[in-house]
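*Asks:* The following file, target-v2.pdb, comprises PDB, C-alpha atoms:
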```pdb
ATOM      1  CA  MET A1345      37.875 -13.583 -51.958
ATOM      2  CA  ASP A1346      38.262 -11.619 -48.710
ATOM      3  CA  TYR A1347      37.235  -8.453 -50.531
ATOM      4  CA  LYS A1348      33.961 -10.030 -51.687
ATOM      5  CA  ILE A1349      33.259 -11.343 -48.189
ATOM      6  CA  ALA A1350      33.980  -7.896 -46.731
ATOM      7  CA  VAL A1351      31.649  -6.136 -49.153
ATOM      8  CA  VAL A1352      28.911  -8.697 -48.488
ATOM      9  CA  LEU A1353      29.303  -8.252 -44.713
ATOM     10  CA  ILE A1354      29.122  -4.469 -44.950
ATOM     11  CA  ALA A1355      26.132  -4.692 -47.297
ATOM     12  CA  LEU A1356      24.397  -7.092 -44.885
ATOM     13  CA  LEU A1357      24.998  -4.706 -41.987
ATOM     14  CA  ILE A1358      23.561  -1.777 -43.945
ATOM     15  CA  PHE A1359      20.589  -3.872 -45.098
ATOM     16  CA  GLN A1360      19.935  -5.079 -41.548
ATOM     17  CA  ARG A1361      19.972  -1.548 -40.156
ATOM     18  CA  PHE A1362      17.626  -0.396 -42.944
ATOM     19  CA  ILE A1363      15.156  -3.219 -42.198
ATOM     20  CA  GLU A1364      15.314  -2.369 -38.499
ATOM     21  CA  PHE A1365      14.631   1.273 -39.298
ATOM     22  CA  LEU A1366      11.530   0.259 -41.276
ATOM     23  CA  TYR A1367      10.441  -2.028 -38.420
ATOM     24  CA  SER A1368      10.926   0.864 -36.013
ATOM     25  CA  LYS A1369       8.820   3.179 -38.186
ATOM     26  CA  GLN A1370       6.045   0.591 -38.251
ATOM     27  CA  ASN A1371       6.227   0.230 -34.465
ATOM     28  CA  LYS A1372       6.283   4.003 -34.019
ATOM     29  CA  VAL A1373       3.006   4.273 -35.944
ATOM     30  CA  TRP A1374       1.486   1.562 -33.742
ATOM     31  CA  LEU A1375       2.736   3.185 -30.530
ATOM     32  CA  LEU A1376       1.489   6.665 -31.472
ATOM     33  CA  ARG A1377      -1.867   5.209 -32.537
ATOM     34  CA  ASN A1378      -2.107   3.660 -29.086
ATOM     35  CA  LYS A1379      -1.507   6.984 -27.316
ATOM     36  CA  GLY A1380       2.260   6.618 -27.080
ATOM     37  CA  ILE A1381       4.265   9.745 -26.317
ATOM     38  CA  ASN A1382       7.558  10.439 -28.100
ATOM     39  CA  TYR A1383      10.259  11.540 -25.639
ATOM     40  CA  ASP A1384      13.217  11.157 -27.976
ATOM     41  CA  GLN A1385      14.517  14.776 -27.842
ATOM     42  CA  GLY A1386      16.716  14.168 -30.886
ATOM     43  CA  SER A1387      18.857  11.447 -29.318
ATOM     44  CA  PHE A1388      18.163   9.112 -32.244
ATOM     45  CA  LYS A1389      19.641  11.587 -34.734
ATOM     46  CA  LEU A1390      22.859  11.752 -32.741
ATOM     47  CA  ILE A1391      23.034   7.958 -32.428
ATOM     48  CA  ALA A1392      22.335   7.595 -36.162
ATOM     49  CA  LEU A1393      25.110  10.086 -36.976
ATOM     50  CA  VAL A1394      27.636   8.158 -34.877
ATOM     51  CA  HIS A1395      26.457   4.828 -36.272
ATOM     52  CA  ILE A1396      26.585   5.950 -39.908
ATOM     53  CA  SER A1397      30.031   7.497 -39.343
ATOM     54  CA  TRP A1398      31.184   4.178 -37.902
ATOM     55  CA  MET A1399      29.898   2.242 -40.936
ATOM     56  CA  ILE A1400      31.558   4.677 -43.346
ATOM     57  CA  SER A1401      34.826   4.338 -41.403
ATOM     58  CA  ILE A1402      34.633   0.557 -41.620
ATOM     59  CA  PHE A1403      33.955   0.757 -45.346
ATOM     60  CA  TYR A1404      36.777   3.239 -45.968
ATOM     61  CA  PHE A1405      39.494   1.897 -43.669
ATOM     62  CA  GLY A1406      38.427  -1.729 -43.400
ATOM     63  CA  LEU A1407      38.708  -2.328 -47.126
ATOM     64  CA  LYS A1408      42.110  -0.605 -47.466
ATOM     65  CA  ASP A1409      44.420  -3.165 -45.874
ATOM     66  CA  LEU A1410      41.918  -5.962 -45.933
ATOM     67  CA  GLU A1411      42.562  -8.706 -43.450
ATOM     68  CA  ILE A1412      39.410 -10.480 -42.314
ATOM     69  CA  ASN A1413      39.218 -12.195 -38.946
ATOM     70  CA  TYR A1414      36.745 -15.057 -39.315
ATOM     71  CA  PHE A1415      36.402 -15.616 -35.573
ATOM     72  CA  PHE A1416      34.777 -12.185 -35.262
ATOM     73  CA  ILE A1417      32.416 -12.953 -38.154
ATOM     74  CA  ILE A1418      31.110 -15.929 -36.184
ATOM     75  CA  LEU A1419      30.877 -13.816 -33.039
ATOM     76  CA  PHE A1420      29.021 -11.081 -34.934
ATOM     77  CA  PHE A1421      26.431 -13.576 -36.216
ATOM     78  CA  PHE A1422      25.986 -14.837 -32.654
ATOM     79  CA  LEU A1423      25.268 -11.223 -31.630
ATOM     80  CA  GLN A1424      22.633 -11.092 -34.364
ATOM     81  CA  VAL A1425      20.819 -13.990 -32.737
ATOM     82  CA  ILE A1426      20.730 -11.917 -29.551
ATOM     83  CA  ARG A1427      19.487  -8.921 -31.579
ATOM     84  CA  VAL A1428      16.598 -10.978 -32.963
ATOM     85  CA  TRP A1429      15.817 -12.186 -29.435
ATOM     86  CA  ILE A1430      15.608  -8.561 -28.265
ATOM     87  CA  LEU A1431      13.374  -7.550 -31.185
ATOM     88  CA  VAL A1432      11.068 -10.519 -30.630
ATOM     89  CA  THR A1433      10.916  -9.822 -26.895
ATOM     90  CA  LEU A1434       9.964  -6.152 -27.309
ATOM     91  CA  ARG A1435       7.778  -6.667 -30.396
ATOM     92  CA  ASN A1436       5.823  -3.436 -31.117
ATOM     93  CA  TYR A1437       7.641  -1.587 -28.338
ATOM     94  CA  TRP A1438      11.020  -1.697 -30.114
ATOM     95  CA  THR A1439      11.827   1.586 -31.844
ATOM     96  CA  VAL A1440      14.850   3.731 -32.541
ATOM     97  CA  GLU A1441      13.100   6.542 -30.685
ATOM     98  CA  ILE A1442      11.957   6.714 -27.076
ATOM     99  CA  ILE A1443       8.195   6.244 -27.219
ATOM    100  CA  ARG A1444       6.102   5.085 -24.282
ATOM    101  CA  ILE A1445       2.427   4.379 -23.902
ATOM    102  CA  PRO A1446       1.430   5.765 -20.478
ATOM    103  CA  ASN A1447       0.534   3.219 -17.790
ATOM    104  CA  THR A1448       1.954   0.219 -19.624
ATOM    105  CA  LYS A1449       4.106  -2.276 -17.765
ATOM    106  CA  LEU A1450       7.774  -2.585 -18.655
ATOM    107  CA  VAL A1451       8.845  -5.691 -20.529
ATOM    108  CA  LYS A1452      10.520  -7.957 -17.982
ATOM    109  CA  LYS A1453      11.123 -11.107 -20.010
ATOM    110  CA  GLY A1454      13.933 -12.388 -22.201
ATOM    111  CA  LEU A1455      17.164 -10.491 -21.625
ATOM    112  CA  TYR A1456      15.147  -7.675 -20.055
ATOM    113  CA  LYS A1457      14.665  -9.938 -17.045
ATOM    114  CA  TYR A1458      18.429  -9.720 -16.375
ATOM    115  CA  ILE A1459      19.672  -6.509 -18.031
ATOM    116  CA  LYS A1460      17.937  -3.140 -18.098
ATOM    117  CA  HIS A1461      19.096  -2.025 -21.565
ATOM    118  CA  PRO A1462      20.376  -5.102 -23.443
ATOM    119  CA  ASN A1463      19.895  -3.515 -26.878
ATOM    120  CA  TYR A1464      22.338  -0.707 -26.070
ATOM    121  CA  LEU A1465      24.876  -3.127 -24.648
ATOM    122  CA  LEU A1466      24.491  -5.214 -27.792
ATOM    123  CA  VAL A1467      25.153  -2.191 -30.032
ATOM    124  CA  VAL A1468      28.433  -1.484 -28.220
ATOM    125  CA  PHE A1469      29.500  -5.132 -28.633
ATOM    126  CA  GLU A1470      28.482  -5.053 -32.307
ATOM    127  CA  VAL A1471      30.611  -1.966 -32.933
ATOM    128  CA  ILE A1472      33.626  -3.646 -31.364
ATOM    129  CA  VAL A1473      33.142  -7.056 -32.976
ATOM    130  CA  PHE A1474      32.260  -5.817 -36.469
ATOM    131  CA  SER A1475      35.267  -3.465 -36.426
ATOM    132  CA  LEU A1476      37.512  -6.345 -35.367
ATOM    133  CA  ILE A1477      36.307  -8.449 -38.307
ATOM    134  CA  PHE A1478      38.469  -6.040 -40.330
ATOM    135  CA  ASN A1479      41.152  -5.769 -37.606
ATOM    136  CA  GLU A1480      40.268  -2.106 -37.156
ATOM    137  CA  LYS A1481      41.160  -1.757 -33.478
ATOM    138  CA  ILE A1482      41.320   2.053 -33.517
ATOM    139  CA  ILE A1483      37.866   2.296 -35.112
ATOM    140  CA  ALA A1484      36.565  -0.185 -32.531
ATOM    141  CA  ILE A1485      37.905   1.930 -29.658
ATOM    142  CA  ILE A1486      36.867   5.331 -31.048
ATOM    143  CA  PHE A1487      33.341   4.324 -31.994
ATOM    144  CA  CYS A1488      32.829   2.223 -28.884
ATOM    145  CA  ILE A1489      33.581   5.325 -26.815
ATOM    146  CA  LEU A1490      31.384   7.530 -29.025
ATOM    147  CA  HIS A1491      28.503   5.051 -28.814
ATOM    148  CA  ILE A1492      28.837   4.830 -25.038
ATOM    149  CA  LEU A1493      28.735   8.638 -24.806
ATOM    150  CA  VAL A1494      25.614   9.051 -26.951
ATOM    151  CA  LEU A1495      23.915   6.015 -25.456
ATOM    152  CA  SER A1496      24.554   7.234 -21.917
ATOM    153  CA  LYS A1497      22.611  10.417 -22.747
ATOM    154  CA  ARG A1498      19.836   8.340 -24.288
ATOM    155  CA  ILE A1499      19.718   5.898 -21.367
ATOM    156  CA  LYS A1500      19.380   8.818 -18.960
ATOM    157  CA  ILE A1501      16.359  10.121 -20.921
ATOM    158  CA  GLU A1502      14.899   6.646 -21.265
ATOM    159  CA  ASN A1503      15.270   5.859 -17.562
ATOM    160  CA  GLU A1504      13.362   9.047 -16.710
ATOM    161  CA  VAL A1505      10.577   8.055 -19.128
ATOM    162  CA  LEU A1506      10.441   4.505 -17.766
ATOM    163  CA  LYS A1507       9.972   5.819 -14.197
ATOM    164  CA  LYS A1508       6.703   7.448 -15.216
TER     165      LYS A1508
END
```
Output the file's structure in the form of structure tokens.
*Replies:*
Amino acid sequence: MDYKIAVVLIALLIFQRFIEFLYSKQNKVWLLRNKGINYDQGSFKLIALVHISWMISIFYFGLKDLEINYFFIILFFFLQVIRVWILVTLRNYWTVEIIRIPNTKLVKKGLYKYIKHPNYLLVVFEVIVFSLIFNEKIIAIIFCILHILVLSKRIKIENEVLKK
């Protein structure tokens, strides 16, 4: 039974990320149509590489000595509520790339009223929590550090863009 639950969870994570990617592409089209400028500089590719490597690691190692922690499943679904809140707050401005329409005001509602980059903080928590669903503490630590490293580069670029 745990194996089926694990496969479903991993499949849901992959499906969610795919849907978000499509949503991002749709928003990118809208942003560029509205004179948005893409400042990404390849940071998305690096983030995607780390993220995909993390998911493969979970699939490979997490299913080996399968021991599911149901507390972290509940916590992960709570994080998904926060993810939806972020997506709804940013609407068309949410993308996996750094795209800004010149002279637009920053979103300062929802979590963005309290935290400058809640989506990136959420991703780090997701990596930890989803890894711990499978009791993969080493994967949680390694990929948390890797995500923080790539996100810190991205946040630096994004902060420069947001100053403009």
*Asks:* Could you tell me which of A:Ile1483, A:Ile1477, A:Ile1396, A:Cys1488 comes closest to Phe1415 of chain A if we count all atoms listed in the file?
*Replies:*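 Ranked by minimum distance to Phe1415 of chain A, first place goes to A:Ile1477.
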*Asks:* Go through A:Leu1410, A:Asn1371, A:Val1428, A:Gly1386 one by one, measure the shortest atom-to-atom distance of each to Met1345 of chain A using all atoms listed in the file, and give the residue with the smallest value.
*Replies:*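 Checking each of A:Leu1410, A:Asn1371, A:Val1428, A:Gly1386 against Met1345 of chain A, counting all atoms listed in the file, the winner is A:Leu1410.
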*Asks:* List, as a ChimeraX atom specification, every residue that the PyMOL selection byres ((chain A and resi 1469) around 12) selects in the file provided.
*Replies:* /A:1416,1419-1424,1426-1427,1462-1468,1470-1476,1484-1485,1487-1489,1491-1492
*Asks:* When you look at Phe1403 of chain A with a cut-off of 9 Å (counting all atoms listed in the file), what residues show up, excluding the ones that are within fewer than 6 positions of it in the same chain? I need them as a PyMOL selection string.
*Replies:* chain A and resi 1350-1351+1354
*Asks:* Can you spit out the residues from that selection as an mmCIF file, in the coordinates of the input, using C-alpha atoms?
*Replies:*
```cif
data_model
loop_
_atom_site.group_PDB
_atom_site.id
_atom_site.type_symbol
_atom_site.label_atom_id
_atom_site.label_comp_id
_atom_site.auth_asym_id
_atom_site.auth_seq_id
_atom_site.Cartn_x
_atom_site.Cartn_y
_atom_site.Cartn_z
ATOM 1 C CA ALA A 1350 33.980 -7.896 -46.731
ATOM 2 C CA VAL A 1351 31.649 -6.136 -49.153
ATOM 3 C CA ILE A 1354 29.122 -4.469 -44.950
#
```
*Asks:* Figure out the distance between atom CA of Tyr1458 of chain A and atom CA of Ile1430 of chain A, please, to one decimal in Å.
*Replies:*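 Atom CA of Ile1430 of chain A sits 12.3 Å away from atom CA of Tyr1458 of chain A.
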*Asks:* When you count all atoms listed in the file, which of these residues is closest to Ala1392 of chain A: A:Val1505, A:Val1440, A:Ile1358, A:Val1373?
*Replies:*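 That would be A:Val1440, the residue with the smallest distance to Ala1392 of chain A.
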*Asks:* Could you tell me how far atom CA of Val1394 of chain A sits from atom CA of Lys1348 of chain A, in Å to one decimal place?
*Replies:*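 It comes out at 25.6 Å.
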*Asks:* Run the PyMOL selection byres ((chain A and resi 1411) around 9) on the file and write out the hits as a ChimeraX atom specification.
*Replies:* /A:1346-1347,1406-1407,1409-1410,1412-1413,1477-1479
*Asks:* Go ahead and compute the interatomic distance for atom CA of Thr1433 of chain A and atom CA of Gly1454 of chain A, in Å to one decimal.
*Replies:* 6.1 Å
*Asks:* Step by step, work through what the PyMOL selection byres ((chain A and resi 1446) around 12) selects in the shown file, and finish by giving those residues as a PyMOL selection string.
*Replies:* chain A and resi 1375-1376+1378-1383+1443-1445+1447-1450+1505-1508
*Asks:* Which of these, A:Ile1486, A:Ile1459, A:Leu1495, A:Val1432, has the shortest distance to Tyr1367 of chain A once you count all atoms listed in the file?
*Replies:* A:Val1432
*Asks:* Tell me which of A:Lys1460, A:His1395, A:Ile1442, A:Lys1408 sits closest to Leu1490 of chain A, counting all atoms listed in the file.
*Replies:*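 Of A:Lys1460, A:His1395, A:Ile1442, A:Lys1408, the one nearest Leu1490 of chain A, counting all atoms listed in the file, is A:His1395.
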*Asks:* For each of A:Ser1496, A:Thr1439, A:Asn1503, A:Ser1397, take the minimum atom-to-atom distance to Glu1364 of chain A, counting only C-alpha atoms, then give the residue where this is smallest.
*Replies:*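 Of A:Ser1496, A:Thr1439, A:Asn1503, A:Ser1397, the one nearest Glu1364 of chain A, counting only C-alpha atoms, is A:Thr1439.
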*Asks:* Take every atom of segment 1464-1477 of chain A listed in the file, pad by 3 Å on each side, and give me the axis-aligned box centre and edge lengths in Å, one decimal, as JSON.
*Replies:*
```
{"center_x": 29.9, "center_y": -4.6, "center_z": -31.5, "size_x": 21.2, "size_y": 13.7, "size_z": 19.7}
```
